[in-house]
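Novice: Questions regarding the structure given below will be posed in turn.
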Amino acid sequence: MQDPYATSAASSSVPLPHQPAPVPLLASRGLGRQFGLHQAVSGLSFKAFRGEVIGLLGPNGAGKTTSLRMLAGTLAATDGELSLEGEAFDGRAGQRQLNRLKRRIGYLPEGAPLWPQLTVRETLECVAGLHGLSRRTRKERLPALMDRLDITPFANQLCAVLSKGYRRRVALAMALTHDPDILLLDEPTDGLDPLQKDSVRAFIRELGRERLIIVSTHLLEEVPRICDRVLVMANGQLGFDDTPAALAALSVSEAVPSAYRERLGAAHGGTSPLPVWRVILSRELSELELASVSRLPGVAAITAVSPEGAERVSRSGRRLMADPAYRLVGRPGQDPRSALARWCSYMQIRLDECVHERGDIEVAFRQLVARMAEQPAPLPRVKRPLDADQEVSS
Ligand SMILES: Nc1ncnc2c1ncn2[C@@H]1O[C@H](COP(=O)(O)OP(=O)(O)OP(=O)(O)O)[C@@H](O)[C@H]1O
């Protein structure tokens with residue numbers, strides 16, 4: 001996985017003139033959806049590229065399903081537009097144009113709706129027919145897909161009697177029938193047993209090598225395993241767009257004094273994490289020495305932390321004070337460790353430990369969502385452009 005700080009530094013570098021900016025496979029600009037007077041999603045903007053697996057996170061009601069439905073072309077947007085390899089689609093896109101979008105997209109909807117009166121095989125045949133796949137392509141693709149998702153033994157079973165986990169797998173197979181290059185998956189591992197969860201996650205990673213995958217999930221532990229990038233939504237708005245490691249790092253940088261966080265974070269989009277190291281030295285630093293460290297290249301701040309268990313026991317059983325521990329905050333994209341090591345050597349202070357604090361994705365998610373909840377909710381437009389539940393016909 002990429003180092004988040006390396007990413008921040010790279011993204012801030014100016015592209016060389018001869019390098020054309022890559023065209024995103026899917027992009028959304030100011031996408032929004034209003035249901036009646038309720039603004040469910042507003043100002044959703046991001047660019048997504050082939051080969052990315054993007055996690056879409058957010059608390060219940062954040063707007064994830066609404067966003068995925070708009071991206072899949074099954075729900076009309078009331079604001080903004082999305083584009084597929086540069087071709088723009090907005091709420092007024094015609095059916096023919098939307099069908100072109102749908103041919104490129106595989107969508108696994110929330111709840112995995114199936115046709116109860118059809119068998120698994122009939123379901124996949126039917127979906128393949130709707131996508132206009134030739135008999136030959138169906139013969140090659142469907143058995144392989146059923147094998148990969150372990151549903152071959154249930155091929156002749158009615159969908160109505162499938163267990164929740166198998167319904168999910170059949171729905172995933174339906175989304176993949178036409179071999180789309182964009183996959184939008186709404187909670188794909190919901191209801192699966194632990195072994196199947198692992199198998200589907202591995203499958204998603206495999207599929208993501210050559211496609212773009214956007215996957216909504218409440219299972220935060222699966223995000224670092226399958227995603228290269230995370231979008232976090234709350235109140236219908238996007239509040240974070242970076243790597244899973246960068247999201248986890250937010251939990252550590254939350255512990256950084258707010259004055260530094262605001263000063264440095266604001267310069268990097270507000271939610272950018274600051275790189276943090278836990279440092280243990282052979283002796284305590286004076287105020288003067290702390291000020292001297294905070295001026296080293298790449299250092300934003302250094303603060304003393306109270307170590308858990310303020311004392312330790314030596315081999316002889318003697319109680320010793322714990323080593324002085326500090327939290328060293330780097331500037332985004334910079335690594336202050338060598339400067340610190342040189343300073344310690346000059347000052348004849350032993351640098352016992354300098355460990356990158358990676359943080360905890362669950363803690364970071366909670367903190368971020370709580371912070372986003374404090375922001376005012378988006379105001380709906382007074383005029384209703386569409387009825388509350390108007391959808392795009394499929
Ligand atoms: N068809 C609809 N008509 C009216 N309101 C809707 C409709 N669909 C969604 N909403 C509202 O839009 C908001 C966002 O819902 P959405 O289902 O997108 O959230 P979510 O993040 O997917 O939630 P969850 O994690 O619970 O699935 C909610 O307040 C929901 O009640």
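All residue names refer to the structure tokens as shown: chains lettered A, B, ... in order, residues numbered from 1 in each chain, ligands numbered from 1 in order.
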Hey, which residues come within 6 Å of ligand 1 if we count only C-alpha atoms and all ligand atoms? Could you give them as number ranges by chain?
Specialist: A: 35, 40, 58-66, 388-389
Novice: Can you write out the residues you just picked, keeping N, CA and C atoms, as a PDB file, in the first residue's frame?
Specialist:
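Output contents, as saved in selection-v2.pdb:
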ATOM      1  N   PHE A  35     -34.929  14.513  -2.257  1.00  0.00           N
ATOM      2  CA  PHE A  35     -36.195  13.772  -2.205  1.00  0.00           C
ATOM      3  C   PHE A  35     -37.198  14.692  -1.523  1.00  0.00           C
ATOM      4  N   ALA A  40     -30.733  14.624   0.146  1.00  0.00           N
ATOM      5  CA  ALA A  40     -30.079  13.391   0.588  1.00  0.00           C
ATOM      6  C   ALA A  40     -28.585  13.399   0.280  1.00  0.00           C
ATOM      7  N   GLY A  58     -19.737   5.648   5.543  1.00  0.00           N
ATOM      8  CA  GLY A  58     -20.577   6.688   6.138  1.00  0.00           C
ATOM      9  C   GLY A  58     -21.561   6.048   7.076  1.00  0.00           C
ATOM     10  N   PRO A  59     -22.061   6.792   8.046  1.00  0.00           N
ATOM     11  CA  PRO A  59     -23.062   6.225   8.958  1.00  0.00           C
ATOM     12  C   PRO A  59     -24.383   5.980   8.226  1.00  0.00           C
ATOM     13  N   ASN A  60     -25.322   5.330   8.876  1.00  0.00           N
ATOM     14  CA  ASN A  60     -26.653   5.100   8.279  1.00  0.00           C
ATOM     15  C   ASN A  60     -27.248   6.428   7.849  1.00  0.00           C
ATOM     16  N   GLY A  61     -27.806   6.416   6.624  1.00  0.00           N
ATOM     17  CA  GLY A  61     -28.480   7.622   6.135  1.00  0.00           C
ATOM     18  C   GLY A  61     -27.531   8.679   5.594  1.00  0.00           C
ATOM     19  N   ALA A  62     -26.248   8.346   5.461  1.00  0.00           N
ATOM     20  CA  ALA A  62     -25.265   9.342   5.001  1.00  0.00           C
ATOM     21  C   ALA A  62     -25.463   9.713   3.533  1.00  0.00           C
ATOM     22  N   GLY A  63     -26.060   8.799   2.769  1.00  0.00           N
ATOM     23  CA  GLY A  63     -26.267   9.079   1.347  1.00  0.00           C
ATOM     24  C   GLY A  63     -25.469   8.161   0.435  1.00  0.00           C
ATOM     25  N   LYS A  64     -24.954   7.056   0.967  1.00  0.00           N
ATOM     26  CA  LYS A  64     -24.115   6.151   0.166  1.00  0.00           C
ATOM     27  C   LYS A  64     -24.932   5.470  -0.935  1.00  0.00           C
ATOM     28  N   THR A  65     -26.072   4.868  -0.535  1.00  0.00           N
ATOM     29  CA  THR A  65     -26.889   4.160  -1.530  1.00  0.00           C
ATOM     30  C   THR A  65     -27.399   5.135  -2.584  1.00  0.00           C
ATOM     31  N   THR A  66     -27.846   6.307  -2.145  1.00  0.00           N
ATOM     32  CA  THR A  66     -28.335   7.312  -3.101  1.00  0.00           C
ATOM     33  C   THR A  66     -27.220   7.673  -4.082  1.00  0.00           C
ATOM     34  N   ALA A 388     -40.643  12.903  -5.341  1.00  0.00           N
ATOM     35  CA  ALA A 388     -39.826  12.331  -4.270  1.00  0.00           C
ATOM     36  C   ALA A 388     -39.132  11.039  -4.674  1.00  0.00           C
ATOM     37  N   ASP A 389     -39.824  10.147  -5.339  1.00  0.00           N
ATOM     38  CA  ASP A 389     -39.210   8.843  -5.590  1.00  0.00           C
ATOM     39  C   ASP A 389     -39.024   8.570  -7.087  1.00  0.00           C
TER      40      ASP A 389
END
Novice: By how many Å are CA of Leu149 in chain A and CA of Thr243 in chain A apart?
Specialist: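 Going from CA of Leu149 in chain A over to CA of Thr243 in chain A covers 28.0 Å.
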Novice: Let's see if you can do this: from backbone DSSP, list all alpha helix (DSSP H) residues in range 104-169 of chain A, as an mmCIF file with C-alpha atoms, in the first residue's frame.
Specialist:
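After the write, part_17.cif holds the following:
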data_model
loop_
_atom_site.group_PDB
_atom_site.id
_atom_site.type_symbol
_atom_site.label_atom_id
_atom_site.label_comp_id
_atom_site.auth_asym_id
_atom_site.auth_seq_id
_atom_site.Cartn_x
_atom_site.Cartn_y
_atom_site.Cartn_z
ATOM 1 C CA ARG A 104 -20.253 -0.097 -18.718
ATOM 2 C CA VAL A 120 -30.013 -19.177 -10.329
ATOM 3 C CA ARG A 121 -29.072 -20.287 -13.850
ATOM 4 C CA GLU A 122 -32.246 -18.770 -15.365
ATOM 5 C CA THR A 123 -31.531 -15.511 -13.513
ATOM 6 C CA LEU A 124 -28.048 -15.201 -14.973
ATOM 7 C CA GLU A 125 -29.266 -16.248 -18.434
ATOM 8 C CA CYS A 126 -31.979 -13.604 -18.216
ATOM 9 C CA VAL A 127 -29.535 -10.844 -17.182
ATOM 10 C CA ALA A 128 -27.128 -11.929 -19.934
ATOM 11 C CA GLY A 129 -30.047 -11.695 -22.402
ATOM 12 C CA LEU A 130 -30.931 -8.182 -21.208
ATOM 13 C CA ARG A 135 -25.097 -17.542 -26.778
ATOM 14 C CA ARG A 136 -21.379 -18.318 -27.086
ATOM 15 C CA THR A 137 -20.322 -15.624 -24.632
ATOM 16 C CA ARG A 138 -22.970 -16.792 -22.158
ATOM 17 C CA LYS A 139 -21.756 -20.395 -22.425
ATOM 18 C CA GLU A 140 -18.207 -19.346 -21.683
ATOM 19 C CA ARG A 141 -18.828 -16.709 -19.046
ATOM 20 C CA LEU A 142 -21.721 -17.885 -16.869
ATOM 21 C CA PRO A 143 -20.331 -21.264 -15.678
ATOM 22 C CA ALA A 144 -16.978 -19.602 -14.839
ATOM 23 C CA LEU A 145 -18.757 -16.860 -12.912
ATOM 24 C CA MET A 146 -20.899 -19.358 -11.003
ATOM 25 C CA ASP A 147 -17.788 -21.386 -10.135
ATOM 26 C CA ARG A 148 -15.896 -18.315 -8.949
ATOM 27 C CA LYS A 164 -29.134 -14.536 2.435
ATOM 28 C CA GLY A 165 -25.445 -15.214 1.726
ATOM 29 C CA TYR A 166 -26.192 -17.088 -1.500
ATOM 30 C CA ARG A 167 -28.642 -14.399 -2.616
ATOM 31 C CA ARG A 168 -25.781 -11.914 -2.241
ATOM 32 C CA ARG A 169 -23.479 -14.074 -4.343
#
Novice: I'd like the neighbourhood of Ser42 in chain A as number ranges by chain, where a residue qualifies if any of its atoms comes within 12 Å (using only C-alpha atoms), though same-chain residues fewer than 6 positions away should be ignored.
Specialist: A: 28-35, 62-64, 66-67, 70, 77-81, 233-239, 377-381
Novice: Dump N, CA and C atoms for the selected residues as a PDB file, in the first residue's frame?
Specialist:
ATOM      1  N   SER A  28     -17.514  12.606 -10.875  1.00  0.00           N
ATOM      2  CA  SER A  28     -18.771  13.204 -10.432  1.00  0.00           C
ATOM      3  C   SER A  28     -18.479  14.650 -10.068  1.00  0.00           C
ATOM      4  N   ARG A  29     -19.351  15.565 -10.551  1.00  0.00           N
ATOM      5  CA  ARG A  29     -19.113  16.981 -10.263  1.00  0.00           C
ATOM      6  C   ARG A  29     -20.375  17.603  -9.681  1.00  0.00           C
ATOM      7  N   GLY A  30     -20.309  17.910  -8.395  1.00  0.00           N
ATOM      8  CA  GLY A  30     -21.430  18.566  -7.712  1.00  0.00           C
ATOM      9  C   GLY A  30     -22.712  17.752  -7.745  1.00  0.00           C
ATOM     10  N   LEU A  31     -22.582  16.419  -7.783  1.00  0.00           N
ATOM     11  CA  LEU A  31     -23.767  15.560  -7.907  1.00  0.00           C
ATOM     12  C   LEU A  31     -24.633  15.665  -6.646  1.00  0.00           C
ATOM     13  N   GLY A  32     -25.924  15.786  -6.833  1.00  0.00           N
ATOM     14  CA  GLY A  32     -26.814  15.907  -5.679  1.00  0.00           C
ATOM     15  C   GLY A  32     -28.167  15.296  -5.969  1.00  0.00           C
ATOM     16  N   ARG A  33     -28.870  14.939  -4.891  1.00  0.00           N
ATOM     17  CA  ARG A  33     -30.212  14.375  -5.048  1.00  0.00           C
ATOM     18  C   ARG A  33     -31.092  14.873  -3.904  1.00  0.00           C
ATOM     19  N   GLN A  34     -32.241  15.382  -4.313  1.00  0.00           N
ATOM     20  CA  GLN A  34     -33.211  15.875  -3.355  1.00  0.00           C
ATOM     21  C   GLN A  34     -34.434  14.966  -3.421  1.00  0.00           C
ATOM     22  N   PHE A  35     -34.929  14.513  -2.257  1.00  0.00           N
ATOM     23  CA  PHE A  35     -36.195  13.772  -2.205  1.00  0.00           C
ATOM     24  C   PHE A  35     -37.198  14.692  -1.523  1.00  0.00           C
ATOM     25  N   ALA A  62     -26.248   8.346   5.461  1.00  0.00           N
ATOM     26  CA  ALA A  62     -25.265   9.342   5.001  1.00  0.00           C
ATOM     27  C   ALA A  62     -25.463   9.713   3.533  1.00  0.00           C
ATOM     28  N   GLY A  63     -26.060   8.799   2.769  1.00  0.00           N
ATOM     29  CA  GLY A  63     -26.267   9.079   1.347  1.00  0.00           C
ATOM     30  C   GLY A  63     -25.469   8.161   0.435  1.00  0.00           C
ATOM     31  N   LYS A  64     -24.954   7.056   0.967  1.00  0.00           N
ATOM     32  CA  LYS A  64     -24.115   6.151   0.166  1.00  0.00           C
ATOM     33  C   LYS A  64     -24.932   5.470  -0.935  1.00  0.00           C
ATOM     34  N   THR A  66     -27.846   6.307  -2.145  1.00  0.00           N
ATOM     35  CA  THR A  66     -28.335   7.312  -3.101  1.00  0.00           C
ATOM     36  C   THR A  66     -27.220   7.673  -4.082  1.00  0.00           C
ATOM     37  N   SER A  67     -26.006   7.839  -3.579  1.00  0.00           N
ATOM     38  CA  SER A  67     -24.882   8.185  -4.463  1.00  0.00           C
ATOM     39  C   SER A  67     -24.602   7.060  -5.449  1.00  0.00           C
ATOM     40  N   MET A  70     -27.150   6.965  -8.187  1.00  0.00           N
ATOM     41  CA  MET A  70     -26.956   8.023  -9.198  1.00  0.00           C
ATOM     42  C   MET A  70     -25.786   7.661 -10.113  1.00  0.00           C
ATOM     43  N   ALA A  77     -30.075  12.335 -10.954  1.00  0.00           N
ATOM     44  CA  ALA A  77     -29.536  13.367 -10.055  1.00  0.00           C
ATOM     45  C   ALA A  77     -30.381  14.625 -10.208  1.00  0.00           C
ATOM     46  N   THR A  78     -30.533  15.374  -9.109  1.00  0.00           N
ATOM     47  CA  THR A  78     -31.248  16.645  -9.224  1.00  0.00           C
ATOM     48  C   THR A  78     -30.265  17.801  -9.392  1.00  0.00           C
ATOM     49  N   ASP A  79     -28.992  17.541  -9.117  1.00  0.00           N
ATOM     50  CA  ASP A  79     -27.947  18.561  -9.316  1.00  0.00           C
ATOM     51  C   ASP A  79     -26.693  17.899  -9.850  1.00  0.00           C
ATOM     52  N   GLY A  80     -25.888  18.700 -10.513  1.00  0.00           N
ATOM     53  CA  GLY A  80     -24.557  18.258 -10.926  1.00  0.00           C
ATOM     54  C   GLY A  80     -24.587  17.276 -12.077  1.00  0.00           C
ATOM     55  N   GLU A  81     -23.440  16.691 -12.329  1.00  0.00           N
ATOM     56  CA  GLU A  81     -23.346  15.734 -13.439  1.00  0.00           C
ATOM     57  C   GLU A  81     -22.269  14.709 -13.143  1.00  0.00           C
ATOM     58  N   MET A 233     -18.636   9.783   3.704  1.00  0.00           N
ATOM     59  CA  MET A 233     -19.777  10.696   3.595  1.00  0.00           C
ATOM     60  C   MET A 233     -20.487  10.797   4.936  1.00  0.00           C
ATOM     61  N   ALA A 234     -21.056  11.950   5.191  1.00  0.00           N
ATOM     62  CA  ALA A 234     -21.970  12.131   6.330  1.00  0.00           C
ATOM     63  C   ALA A 234     -22.891  13.268   5.945  1.00  0.00           C
ATOM     64  N   ASN A 235     -24.149  13.197   6.381  1.00  0.00           N
ATOM     65  CA  ASN A 235     -25.116  14.260   6.047  1.00  0.00           C
ATOM     66  C   ASN A 235     -25.218  14.520   4.551  1.00  0.00           C
ATOM     67  N   GLY A 236     -25.001  13.510   3.727  1.00  0.00           N
ATOM     68  CA  GLY A 236     -25.105  13.681   2.284  1.00  0.00           C
ATOM     69  C   GLY A 236     -23.919  14.381   1.642  1.00  0.00           C
ATOM     70  N   GLN A 237     -22.860  14.612   2.425  1.00  0.00           N
ATOM     71  CA  GLN A 237     -21.704  15.318   1.859  1.00  0.00           C
ATOM     72  C   GLN A 237     -20.426  14.500   2.014  1.00  0.00           C
ATOM     73  N   LEU A 238     -19.510  14.739   1.100  1.00  0.00           N
ATOM     74  CA  LEU A 238     -18.240  14.046   1.138  1.00  0.00           C
ATOM     75  C   LEU A 238     -17.300  14.812   2.063  1.00  0.00           C
ATOM     76  N   GLY A 239     -16.705  14.085   3.031  1.00  0.00           N
ATOM     77  CA  GLY A 239     -15.845  14.794   3.988  1.00  0.00           C
ATOM     78  C   GLY A 239     -14.417  14.302   3.989  1.00  0.00           C
ATOM     79  N   ALA A 377     -26.242  21.031   7.936  1.00  0.00           N
ATOM     80  CA  ALA A 377     -26.736  20.146   6.869  1.00  0.00           C
ATOM     81  C   ALA A 377     -27.029  20.985   5.631  1.00  0.00           C
ATOM     82  N   PRO A 378     -26.834  20.413   4.426  1.00  0.00           N
ATOM     83  CA  PRO A 378     -27.112  21.173   3.207  1.00  0.00           C
ATOM     84  C   PRO A 378     -28.580  21.559   3.099  1.00  0.00           C
ATOM     85  N   LEU A 379     -28.833  22.786   2.661  1.00  0.00           N
ATOM     86  CA  LEU A 379     -30.218  23.244   2.534  1.00  0.00           C
ATOM     87  C   LEU A 379     -30.797  22.758   1.211  1.00  0.00           C
ATOM     88  N   PRO A 380     -32.046  22.269   1.227  1.00  0.00           N
ATOM     89  CA  PRO A 380     -32.645  21.858  -0.039  1.00  0.00           C
ATOM     90  C   PRO A 380     -33.015  23.079  -0.864  1.00  0.00           C
ATOM     91  N   ARG A 381     -33.086  22.888  -2.175  1.00  0.00           N
ATOM     92  CA  ARG A 381     -33.600  23.975  -3.007  1.00  0.00           C
ATOM     93  C   ARG A 381     -35.108  23.993  -2.816  1.00  0.00           C
TER      94      ARG A 381
END
Novice: So what do you get for CA of Pro332 in chain A versus CA of Ile302 in chain A, distance-wise?
Specialist: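 Separation of CA of Pro332 in chain A and CA of Ile302 in chain A: 14.6 Å.
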